[in-house]
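> Below is the structure I would like to discuss, written out as structure tokens.
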Amino acid sequence: MMYEHLVVFKFNEQYTSETGEHLVQTLMALKNSIPGIVELTAGVNKTEETENIHGYTLGLRVTFRDQEALRKYGPHPAHQHFVGLLEGIIENVVVVDYPIY
């Protein structure tokens with residue numbers, strides 16, 4: 001059964017639009033670096049529902065072939081490289097993982 005991995009990121013005042021674009025490019029590269037990813041999209045939040053942003057400026061959606069692929073994603077060196085890029089700029093993150101029926 002495939003799994004969906006949704007993440008939204010909230011950054012502190014150290015975050016810039018250039019940082020956001022670099023983070024998106026790094027996330028997009030994960031699709032070709034980590035086995036088990038079926039589909040991956042990422043982008044800077046452009047919603048017109050400004051009252052619902054709550055400071056979250058970047059989104060990620062990854063579809064994995066199964067739960068085991070999702071489990072291996074976290075410790076994978078390419079993912080850990082991305083996590084390292086968040087150091088000093090991340091304020092909060094929300095993660096939702098669920099099986100796709």
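We name chains A, B, ... following the order of the structure tokens; residues begin at 1 in each chain, and ligands are numbered from 1 as shown.
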Run DSSP on the backbone of this structure and report the residues of chain A it assigns to strand (DSSP E or B), as an NGL selection string.

:A and (3-11 or 37-44 or 56-64 or 90-99)

> Only N, CA and C atoms, please: the residues just picked out, written as an mmCIF file, in the first residue's frame.


```cif
data_model
loop_
_atom_site.group_PDB
_atom_site.id
_atom_site.type_symbol
_atom_site.label_atom_id
_atom_site.label_comp_id
_atom_site.auth_asym_id
_atom_site.auth_seq_id
_atom_site.Cartn_x
_atom_site.Cartn_y
_atom_site.Cartn_z
ATOM 1 N N TYR A 3 2.079 5.169 0.551
ATOM 2 C CA TYR A 3 1.967 6.113 1.661
ATOM 3 C C TYR A 3 2.203 7.526 1.170
ATOM 4 N N GLU A 4 1.436 8.458 1.733
ATOM 5 C CA GLU A 4 1.601 9.880 1.455
ATOM 6 C C GLU A 4 2.284 10.526 2.651
ATOM 7 N N HIS A 5 3.230 11.406 2.352
ATOM 8 C CA HIS A 5 3.997 12.127 3.376
ATOM 9 C C HIS A 5 3.832 13.618 3.079
ATOM 10 N N LEU A 6 3.134 14.323 3.960
ATOM 11 C CA LEU A 6 2.901 15.756 3.793
ATOM 12 C C LEU A 6 3.657 16.516 4.870
ATOM 13 N N VAL A 7 4.327 17.595 4.460
ATOM 14 C CA VAL A 7 5.099 18.393 5.409
ATOM 15 C C VAL A 7 4.892 19.871 5.078
ATOM 16 N N VAL A 8 4.676 20.683 6.097
ATOM 17 C CA VAL A 8 4.683 22.136 5.932
ATOM 18 C C VAL A 8 5.688 22.720 6.917
ATOM 19 N N PHE A 9 6.417 23.714 6.433
ATOM 20 C CA PHE A 9 7.524 24.283 7.187
ATOM 21 C C PHE A 9 7.249 25.746 7.528
ATOM 22 N N LYS A 10 7.599 26.101 8.764
ATOM 23 C CA LYS A 10 7.528 27.491 9.227
ATOM 24 C C LYS A 10 8.954 27.900 9.602
ATOM 25 N N PHE A 11 9.378 29.041 9.085
ATOM 26 C CA PHE A 11 10.759 29.481 9.278
ATOM 27 C C PHE A 11 10.834 30.741 10.130
ATOM 28 N N ILE A 37 10.468 6.482 -3.791
ATOM 29 C CA ILE A 37 9.637 7.658 -4.021
ATOM 30 C C ILE A 37 8.937 7.495 -5.365
ATOM 31 N N VAL A 38 7.618 7.544 -5.337
ATOM 32 C CA VAL A 38 6.807 7.434 -6.546
ATOM 33 C C VAL A 38 6.598 8.810 -7.166
ATOM 34 N N GLU A 39 6.308 9.782 -6.308
ATOM 35 C CA GLU A 39 6.065 11.151 -6.764
ATOM 36 C C GLU A 39 6.463 12.114 -5.665
ATOM 37 N N LEU A 40 6.958 13.280 -6.061
ATOM 38 C CA LEU A 40 7.367 14.292 -5.093
ATOM 39 C C LEU A 40 7.061 15.662 -5.680
ATOM 40 N N THR A 41 6.394 16.500 -4.892
ATOM 41 C CA THR A 41 6.203 17.897 -5.249
ATOM 42 C C THR A 41 6.562 18.747 -4.042
ATOM 43 N N ALA A 42 7.075 19.942 -4.320
ATOM 44 C CA ALA A 42 7.437 20.870 -3.248
ATOM 45 C C ALA A 42 7.318 22.282 -3.800
ATOM 46 N N GLY A 43 7.037 23.233 -2.910
ATOM 47 C CA GLY A 43 6.965 24.609 -3.366
ATOM 48 C C GLY A 43 6.747 25.594 -2.241
ATOM 49 N N VAL A 44 6.978 26.850 -2.600
ATOM 50 C CA VAL A 44 6.755 27.960 -1.677
ATOM 51 C C VAL A 44 5.259 28.267 -1.662
ATOM 52 N N TYR A 56 3.396 29.394 7.742
ATOM 53 C CA TYR A 56 3.964 28.249 7.022
ATOM 54 C C TYR A 56 4.212 28.642 5.571
ATOM 55 N N THR A 57 5.467 28.569 5.162
ATOM 56 C CA THR A 57 5.852 29.132 3.871
ATOM 57 C C THR A 57 6.344 28.123 2.844
ATOM 58 N N LEU A 58 6.476 26.865 3.220
ATOM 59 C CA LEU A 58 6.985 25.859 2.287
ATOM 60 C C LEU A 58 6.225 24.560 2.494
ATOM 61 N N GLY A 59 5.871 23.906 1.402
ATOM 62 C CA GLY A 59 5.149 22.640 1.484
ATOM 63 C C GLY A 59 5.848 21.537 0.717
ATOM 64 N N LEU A 60 5.658 20.306 1.172
ATOM 65 C CA LEU A 60 6.239 19.118 0.550
ATOM 66 C C LEU A 60 5.211 17.999 0.567
ATOM 67 N N ARG A 61 5.108 17.295 -0.568
ATOM 68 C CA ARG A 61 4.258 16.101 -0.652
ATOM 69 C C ARG A 61 5.063 15.013 -1.335
ATOM 70 N N VAL A 62 5.202 13.883 -0.656
ATOM 71 C CA VAL A 62 5.938 12.752 -1.218
ATOM 72 C C VAL A 62 5.045 11.518 -1.154
ATOM 73 N N THR A 63 4.929 10.830 -2.275
ATOM 74 C CA THR A 63 4.223 9.554 -2.317
ATOM 75 C C THR A 63 5.267 8.454 -2.356
ATOM 76 N N PHE A 64 5.166 7.531 -1.402
ATOM 77 C CA PHE A 64 6.093 6.400 -1.320
ATOM 78 C C PHE A 64 5.392 5.127 -1.766
ATOM 79 N N ILE A 90 14.643 26.986 10.859
ATOM 80 C CA ILE A 90 13.338 26.336 11.056
ATOM 81 C C ILE A 90 12.726 26.768 12.388
ATOM 82 N N GLU A 91 11.454 27.109 12.351
ATOM 83 C CA GLU A 91 10.729 27.445 13.577
ATOM 84 C C GLU A 91 9.800 26.310 13.979
ATOM 85 N N ASN A 92 9.121 25.733 12.984
ATOM 86 C CA ASN A 92 8.199 24.641 13.272
ATOM 87 C C ASN A 92 7.969 23.846 11.996
ATOM 88 N N VAL A 93 7.525 22.621 12.178
ATOM 89 C CA VAL A 93 7.201 21.755 11.046
ATOM 90 C C VAL A 93 6.013 20.897 11.431
ATOM 91 N N VAL A 94 5.141 20.656 10.460
ATOM 92 C CA VAL A 94 3.997 19.765 10.661
ATOM 93 C C VAL A 94 4.133 18.636 9.655
ATOM 94 N N VAL A 95 3.992 17.400 10.132
ATOM 95 C CA VAL A 95 4.114 16.218 9.278
ATOM 96 C C VAL A 95 2.853 15.376 9.409
ATOM 97 N N VAL A 96 2.347 14.919 8.266
ATOM 98 C CA VAL A 96 1.203 14.001 8.226
ATOM 99 C C VAL A 96 1.572 12.867 7.278
ATOM 100 N N ASP A 97 1.521 11.634 7.764
ATOM 101 C CA ASP A 97 1.769 10.435 6.957
ATOM 102 C C ASP A 97 0.524 9.569 7.008
ATOM 103 N N TYR A 98 0.099 9.070 5.839
ATOM 104 C CA TYR A 98 -1.076 8.198 5.830
ATOM 105 C C TYR A 98 -1.030 7.249 4.651
ATOM 106 N N PRO A 99 -1.632 6.046 4.835
ATOM 107 C CA PRO A 99 -1.713 5.110 3.722
ATOM 108 C C PRO A 99 -2.742 5.592 2.704
#
```

> List every residue of chain A that DSSP, applied to the backbone of this structure, assigns to helix (DSSP H, G or I), and report them as a PyMOL selection string.

chain A and resi 17-33+50-52+67-73+77-85

> Can you pull out the residues contacting A:Ala69? Cut-off 9 Å, using only C-alpha atoms, and skip same-chain residues under 2 positions away; I want them as a PyMOL selection string.

chain A and resi 3+34-37+64-67+71-73

> Need the shell around A:Gln14: protein/DNA/RNA residues with any atom at most 12 Å away, counting only C-alpha atoms. Skip same-chain ones fewer than 6 positions apart. Format as a ChimeraX atom specification?

/A:20,86-91

> Atom CA of A:His81 and atom CA of A:Thr26 are how many Å apart?

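For atom CA of A:His81 relative to atom CA of A:Thr26, the distance reads 8.9 Å.
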
> Please measure the separation of atom CA of A:Thr50 and atom CA of A:His22, giving the value in Å to one decimal.

23.3 Å

> Work out how far atom CA of A:His54 is from atom CA of A:Glu21, in Å to one decimal.

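For atom CA of A:Glu21 relative to atom CA of A:His54, the distance reads 19.9 Å.
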
> Here is a test: counting only C-alpha atoms, which residue of A:Ala78, A:Met2, A:Leu70, A:Ile53 is nearest to A:Met28?

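Ranked by minimum distance to A:Met28, first place goes to A:Ala78.
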
> When you count only C-alpha atoms, which of these residues is closest to A:Tyr15: A:Glu68, A:Gly55, A:Pro77, A:Ile100?

A:Gly55

> Measuring atom to atom with only C-alpha atoms, identify which of A:Gly84, A:Glu13, A:Val24, A:Tyr101 is nearest to A:Asn45.

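The answer is A:Val24, which sits nearest to A:Asn45.
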